[in-house]
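K.L.:
Just target.cif, nothing more (mmCIF, C-alpha atoms):
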```
data_input
loop_
_atom_site.group_PDB
_atom_site.id
_atom_site.type_symbol
_atom_site.label_atom_id
_atom_site.label_comp_id
_atom_site.auth_asym_id
_atom_site.auth_seq_id
_atom_site.Cartn_x
_atom_site.Cartn_y
_atom_site.Cartn_z
ATOM 1 C CA SER A 24 109.819 7.394 37.494
ATOM 2 C CA SER A 25 107.907 4.150 37.931
ATOM 3 C CA THR A 26 109.103 3.387 41.467
ATOM 4 C CA PHE A 27 109.631 5.048 44.855
ATOM 5 C CA PRO A 28 111.883 3.983 47.780
ATOM 6 C CA GLN A 29 110.551 2.340 50.929
ATOM 7 C CA GLN A 30 112.380 0.785 53.857
ATOM 8 C CA ALA A 31 112.528 -2.997 53.748
ATOM 9 C CA GLY A 32 111.274 -3.120 57.347
ATOM 10 C CA GLU A 33 108.043 -1.401 56.281
ATOM 11 C CA ILE A 34 107.118 -3.956 53.621
ATOM 12 C CA ARG A 35 104.010 -5.898 54.649
ATOM 13 C CA LYS A 36 102.112 -8.818 53.211
ATOM 14 C CA GLY A 37 100.201 -7.444 50.221
ATOM 15 C CA SER A 38 102.720 -4.639 49.615
ATOM 16 C CA HIS A 39 104.194 -4.184 46.169
ATOM 17 C CA LEU A 40 107.959 -4.108 45.671
ATOM 18 C CA MET A 41 110.609 -4.618 43.010
ATOM 19 C CA ILE A 42 112.693 -7.807 43.141
ATOM 20 C CA LYS A 43 115.325 -8.395 40.451
ATOM 21 C CA GLY A 44 113.778 -5.589 38.420
ATOM 22 C CA ARG A 45 110.271 -7.106 38.425
ATOM 23 C CA PRO A 46 107.156 -5.606 40.064
ATOM 24 C CA CYS A 47 106.016 -8.100 42.728
ATOM 25 C CA LYS A 48 103.402 -8.433 45.434
ATOM 26 C CA CYS A 49 104.618 -9.594 48.821
ATOM 27 C CA ILE A 50 102.991 -12.825 50.025
ATOM 28 C CA GLU A 51 105.174 -13.415 53.064
ATOM 29 C CA VAL A 52 107.591 -11.328 55.064
ATOM 30 C CA SER A 53 109.561 -12.234 58.163
ATOM 31 C CA THR A 54 112.236 -10.347 60.041
ATOM 32 C CA SER A 55 115.075 -11.999 61.880
ATOM 33 C CA LYS A 56 117.084 -10.634 64.732
ATOM 34 C CA THR A 57 120.784 -11.060 64.194
ATOM 35 C CA GLY A 58 123.889 -11.143 66.380
ATOM 36 C CA LYS A 59 124.833 -8.324 68.720
ATOM 37 C CA HIS A 60 126.550 -6.314 65.991
ATOM 38 C CA GLY A 61 124.401 -7.265 63.003
ATOM 39 C CA HIS A 62 121.351 -5.668 61.512
ATOM 40 C CA ALA A 63 117.877 -7.192 61.547
ATOM 41 C CA LYS A 64 117.086 -8.706 58.168
ATOM 42 C CA ALA A 65 113.820 -8.894 56.275
ATOM 43 C CA HIS A 66 113.085 -12.081 54.356
ATOM 44 C CA ILE A 67 110.567 -11.287 51.637
ATOM 45 C CA VAL A 68 108.705 -13.751 49.438
ATOM 46 C CA ALA A 69 106.775 -12.185 46.580
ATOM 47 C CA LEU A 70 105.024 -13.044 43.328
ATOM 48 C CA ASP A 71 105.563 -11.214 40.045
ATOM 49 C CA ILE A 72 102.291 -9.317 39.475
ATOM 50 C CA PHE A 73 102.374 -10.065 35.747
ATOM 51 C CA THR A 74 103.759 -13.604 35.488
ATOM 52 C CA GLY A 75 102.999 -15.050 38.931
ATOM 53 C CA LYS A 76 106.639 -16.150 39.250
ATOM 54 C CA LYS A 77 107.941 -16.464 42.805
ATOM 55 C CA TYR A 78 110.861 -14.320 43.979
ATOM 56 C CA GLU A 79 112.654 -14.102 47.311
ATOM 57 C CA ASP A 80 114.763 -11.342 48.755
ATOM 58 C CA LEU A 81 116.804 -11.031 51.918
ATOM 59 C CA CYS A 82 118.024 -7.611 53.010
ATOM 60 C CA PRO A 83 118.601 -5.483 56.119
ATOM 61 C CA THR A 84 115.349 -3.897 57.365
ATOM 62 C CA SER A 85 117.008 -0.472 57.231
ATOM 63 C CA HIS A 86 117.726 -0.737 53.492
ATOM 64 C CA ASN A 87 115.543 0.987 50.941
ATOM 65 C CA LEU A 88 113.735 -1.117 48.376
ATOM 66 C CA ASP A 89 112.111 0.126 45.205
ATOM 67 C CA VAL A 90 108.330 0.026 45.268
ATOM 68 C CA PRO A 91 106.543 0.210 41.912
ATOM 69 C CA PHE A 92 103.591 2.508 41.351
ATOM 70 C CA VAL A 93 100.784 0.072 40.555
ATOM 71 C CA LYS A 94 97.666 1.409 38.909
ATOM 72 C CA ARG A 95 94.349 -0.229 38.159
ATOM 73 C CA THR A 96 92.116 1.053 35.397
ATOM 74 C CA GLU A 97 88.772 -0.213 34.128
ATOM 75 C CA TYR A 98 87.954 -0.323 30.422
ATOM 76 C CA GLN A 99 84.997 -1.599 28.460
ATOM 77 C CA VAL A 100 85.839 -4.381 26.002
ATOM 78 C CA LEU A 101 84.763 -3.792 22.397
ATOM 79 C CA SER A 102 86.151 -6.967 20.895
ATOM 80 C CA ALA A 103 88.603 -9.772 21.497
ATOM 81 C CA ASP A 104 90.158 -12.165 19.002
ATOM 82 C CA GLU A 105 90.642 -15.635 20.462
ATOM 83 C CA ASP A 106 93.139 -16.638 17.731
ATOM 84 C CA THR A 107 95.502 -13.659 17.870
ATOM 85 C CA GLY A 108 94.745 -12.744 21.491
ATOM 86 C CA GLU A 109 94.212 -9.093 20.585
ATOM 87 C CA VAL A 110 91.756 -7.108 22.670
ATOM 88 C CA SER A 111 90.155 -3.768 21.767
ATOM 89 C CA LEU A 112 89.204 -1.608 24.723
ATOM 90 C CA LEU A 113 87.280 1.624 25.019
ATOM 91 C CA LYS A 114 88.851 4.403 27.086
ATOM 92 C CA GLU A 115 86.686 6.824 29.051
ATOM 93 C CA GLY A 116 87.137 9.608 26.513
ATOM 94 C CA GLY A 117 85.920 7.361 23.708
ATOM 95 C CA ASP A 118 89.392 6.586 22.353
ATOM 96 C CA LEU A 119 90.402 3.054 21.455
ATOM 97 C CA LYS A 120 93.066 1.158 23.310
ATOM 98 C CA ASP A 121 94.437 -1.595 21.077
ATOM 99 C CA ASP A 122 97.754 -2.495 22.689
ATOM 100 C CA LEU A 123 96.596 -5.206 25.092
ATOM 101 C CA ASN A 124 96.222 -8.947 24.661
ATOM 102 C CA LEU A 125 94.260 -11.632 26.447
ATOM 103 C CA PRO A 126 96.096 -12.678 29.631
ATOM 104 C CA THR A 127 96.711 -16.120 28.096
ATOM 105 C CA VAL A 128 99.025 -14.484 25.542
ATOM 106 C CA VAL A 129 102.280 -14.457 27.500
ATOM 107 C CA THR A 130 105.753 -13.499 26.336
ATOM 108 C CA VAL A 131 107.516 -15.495 29.043
ATOM 109 C CA GLY A 132 106.609 -18.906 30.414
ATOM 110 C CA GLU A 133 103.105 -20.350 30.556
ATOM 111 C CA PRO A 134 99.836 -18.586 31.349
ATOM 112 C CA THR A 135 98.591 -19.247 34.883
ATOM 113 C CA ASP A 136 95.215 -20.828 35.653
ATOM 114 C CA GLU A 137 94.034 -17.368 36.662
ATOM 115 C CA ASP A 138 95.064 -16.028 33.213
ATOM 116 C CA LYS A 139 93.061 -18.783 31.523
ATOM 117 C CA LYS A 140 90.028 -18.138 33.714
ATOM 118 C CA VAL A 141 90.087 -14.385 32.992
ATOM 119 C CA SER A 142 90.483 -14.951 29.225
ATOM 120 C CA ALA A 143 87.657 -17.489 29.142
ATOM 121 C CA GLU A 144 85.324 -15.173 31.089
ATOM 122 C CA LEU A 145 86.113 -12.286 28.769
ATOM 123 C CA LEU A 146 85.504 -14.292 25.567
ATOM 124 C CA GLN A 147 82.342 -15.942 26.925
ATOM 125 C CA GLY A 148 80.917 -12.578 27.982
ATOM 126 C CA LEU A 149 81.435 -11.194 24.480
ATOM 127 C CA LEU A 150 79.922 -14.330 22.920
ATOM 128 C CA ASP A 151 76.836 -13.904 25.088
ATOM 129 C CA GLY A 152 76.512 -10.315 23.892
ATOM 130 C CA LYS A 153 76.958 -8.897 27.385
ATOM 131 C CA THR A 154 78.796 -5.768 28.500
ATOM 132 C CA VAL A 155 82.312 -6.782 29.468
ATOM 133 C CA VAL A 156 84.520 -4.533 31.592
ATOM 134 C CA VAL A 157 88.114 -5.431 32.390
ATOM 135 C CA VAL A 158 90.420 -4.286 35.154
ATOM 136 C CA VAL A 159 93.885 -3.545 33.796
ATOM 137 C CA GLN A 160 96.803 -3.483 36.210
ATOM 138 C CA SER A 161 99.814 -1.462 35.131
ATOM 139 C CA ALA A 162 103.286 -0.968 36.588
ATOM 140 C CA CYS A 163 106.740 -0.268 35.145
ATOM 141 C CA ASN A 164 105.435 0.197 31.582
ATOM 142 C CA GLU A 165 103.739 -3.206 31.609
ATOM 143 C CA GLU A 166 100.019 -3.792 31.570
ATOM 144 C CA LYS A 167 97.827 -6.816 32.000
ATOM 145 C CA ILE A 168 94.123 -7.639 32.181
ATOM 146 C CA ILE A 169 93.678 -9.139 35.657
ATOM 147 C CA GLN A 170 89.925 -9.175 36.166
ATOM 148 C CA VAL A 171 86.711 -9.313 34.152
ATOM 149 C CA LYS A 172 83.292 -7.979 35.130
ATOM 150 C CA VAL A 173 80.353 -9.074 32.975
ATOM 151 C CA SER A 174 76.975 -7.353 33.116
ATOM 152 C CA ASP A 175 73.845 -7.345 30.970
#
```
Show how you would write the structure in this file as structure tokens.

P.N.:
Amino acid sequence: SSTFPQQAGEIRKGSHLMIKGRPCKCIEVSTSKTGKHGHAKAHIVALDIFTGKKYEDLCPTSHNLDVPFVKRTEYQVLSADEDTGEVSLLKEGGDLKDDLNLPTVVTVGEPTDEDKKVSAELLQGLLDGKTVVVVVQSACNEEKIIQVKVSD
């Protein structure tokens, strides 16, 4: 499974969680005391880790939320096509990984400024003939290039 349960009251800023079926990263969390018979509630504000879209959730602190398993992997970039957005990566074992695109290629909405910056860095590094390594974040069967490291 791609998620595990965690109590809403244990979610902290920087934690990952699922909101409306999307893997998100918490940017703000506040708990409110309620009346004498009510439960304390957690108010969670989070950003989708792939699209940057903002989500909010309000639930009792005792409730379980789904938390996605988020993995980060580094790959060396072999090539990138600015026109199609296709990126070829090299896995550790020497196999090719051809199923990723530049972060500016988005299926929903518009690419964020961060997406544009990462894509530009990646393409410029390849143009300059440098070694380009990307950090790929994956969760819930989705993957995205979120960081570029360029070295000589």

K.L.:
Which polymer residues have any atom within 12 Å of an atom of Asn164 in chain A, counting only C-alpha atoms, with same-chain residues fewer than 4 positions away left out, as a ChimeraX atom specification?

P.N.:
/A:24-26,45-46,73,91-94,160

K.L.:
Name the residues that the PyMOL selection byres ((chain A and resi 76) around 12) pulls out of this structure, and write them as number ranges by chain.

P.N.:
A: 42-43, 45-50, 68-75, 77-79, 131-135

K.L.:
Do you have the CA of Asn124 in chain A-CA of Glu137 in chain A distance handy?

P.N.:
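Taking CA of Asn124 in chain A as the start and CA of Glu137 in chain A as the end point, the length is 14.8 Å.
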
K.L.:
When the PyMOL selection byres ((chain A and resi 100) around 7) is applied to the structure above, which residues does it catch, written out as a PyMOL selection string?

P.N.:
chain A and resi 98-99+101-102+111-113+155-157

K.L.:
Please indicate the distance in Å from CA of Gly44 in chain A to CA of Glu165 in chain A, rounded to one decimal place.

P.N.:
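CA of Glu165 in chain A lies at a distance of 12.4 Å from CA of Gly44 in chain A.
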
K.L.:
Complete the atoms of range 25-36 of chain A to all heavy atoms and put them out as a compact mmCIF listing (two decimals), in the frame of the given file.

P.N.:
```
# COMPACT_ATOMS: atom_id res chain seq x y z
N SER A 25 108.97 5.13 37.69
CA SER A 25 107.91 4.15 37.93
C SER A 25 108.00 3.51 39.31
O SER A 25 107.21 2.65 39.64
CB SER A 25 107.93 3.08 36.84
OG SER A 25 109.23 2.54 36.73
N THR A 26 108.99 3.95 40.12
CA THR A 26 109.10 3.39 41.47
C THR A 26 109.40 4.48 42.49
O THR A 26 109.79 5.59 42.13
CB THR A 26 110.27 2.37 41.56
OG1 THR A 26 111.49 3.04 41.27
CG2 THR A 26 110.08 1.20 40.60
N PHE A 27 109.23 4.15 43.78
CA PHE A 27 109.63 5.05 44.86
C PHE A 27 110.29 4.20 45.94
O PHE A 27 110.01 3.00 46.04
CB PHE A 27 108.44 5.85 45.39
CG PHE A 27 107.36 5.01 46.02
CD1 PHE A 27 107.34 4.77 47.39
CD2 PHE A 27 106.35 4.46 45.24
CE1 PHE A 27 106.33 4.01 47.96
CE2 PHE A 27 105.35 3.68 45.81
CZ PHE A 27 105.34 3.46 47.18
N PRO A 28 111.18 4.78 46.76
CA PRO A 28 111.88 3.98 47.78
C PRO A 28 111.04 3.78 49.04
O PRO A 28 110.25 4.63 49.41
CB PRO A 28 113.12 4.84 48.10
CG PRO A 28 112.72 6.23 47.77
CD PRO A 28 111.66 6.16 46.69
N GLN A 29 111.21 2.61 49.65
CA GLN A 29 110.55 2.34 50.93
C GLN A 29 111.47 1.42 51.73
O GLN A 29 112.14 0.56 51.17
CB GLN A 29 109.21 1.65 50.70
CG GLN A 29 108.39 1.52 51.98
CD GLN A 29 107.03 0.88 51.74
OE1 GLN A 29 106.79 0.31 50.70
NE2 GLN A 29 106.16 0.98 52.72
N GLN A 30 111.51 1.62 53.03
CA GLN A 30 112.38 0.78 53.86
C GLN A 30 111.90 -0.66 53.87
O GLN A 30 110.70 -0.92 53.96
CB GLN A 30 112.41 1.32 55.30
CG GLN A 30 113.49 2.35 55.51
CD GLN A 30 113.81 2.52 56.99
OE1 GLN A 30 113.00 2.23 57.85
NE2 GLN A 30 114.99 3.01 57.27
N ALA A 31 112.86 -1.57 53.78
CA ALA A 31 112.53 -3.00 53.75
C ALA A 31 111.71 -3.41 54.97
O ALA A 31 110.83 -4.26 54.89
CB ALA A 31 113.81 -3.82 53.67
N GLY A 32 112.00 -2.79 56.12
CA GLY A 32 111.27 -3.12 57.35
C GLY A 32 109.82 -2.71 57.32
O GLY A 32 109.03 -3.12 58.17
N GLU A 33 109.44 -1.86 56.35
CA GLU A 33 108.04 -1.40 56.28
C GLU A 33 107.21 -2.21 55.30
O GLU A 33 106.02 -1.98 55.15
CB GLU A 33 108.01 0.08 55.85
CG GLU A 33 108.56 1.01 56.91
CD GLU A 33 108.70 2.44 56.40
OE1 GLU A 33 108.14 2.75 55.33
OE2 GLU A 33 109.36 3.23 57.08
N ILE A 34 107.86 -3.13 54.58
CA ILE A 34 107.12 -3.96 53.62
C ILE A 34 106.23 -4.93 54.40
O ILE A 34 106.66 -5.56 55.34
CB ILE A 34 108.09 -4.75 52.70
CG1 ILE A 34 108.93 -3.79 51.84
CG2 ILE A 34 107.33 -5.74 51.82
CD1 ILE A 34 108.20 -3.11 50.72
N ARG A 35 104.95 -4.99 54.00
CA ARG A 35 104.01 -5.90 54.65
C ARG A 35 103.46 -6.87 53.62
O ARG A 35 103.58 -6.65 52.42
CB ARG A 35 102.83 -5.11 55.25
CG ARG A 35 103.22 -4.12 56.32
CD ARG A 35 103.43 -4.79 57.67
NE ARG A 35 104.03 -3.90 58.64
CZ ARG A 35 105.33 -3.84 58.90
NH1 ARG A 35 106.18 -4.59 58.24
NH2 ARG A 35 105.80 -3.01 59.82
N LYS A 36 102.79 -7.90 54.11
CA LYS A 36 102.11 -8.82 53.21
C LYS A 36 101.10 -8.03 52.39
O LYS A 36 100.35 -7.23 52.94
CB LYS A 36 101.40 -9.88 54.06
CG LYS A 36 100.90 -11.05 53.27
CD LYS A 36 100.36 -12.12 54.22
CE LYS A 36 99.51 -13.08 53.43
NZ LYS A 36 99.05 -14.20 54.23
```
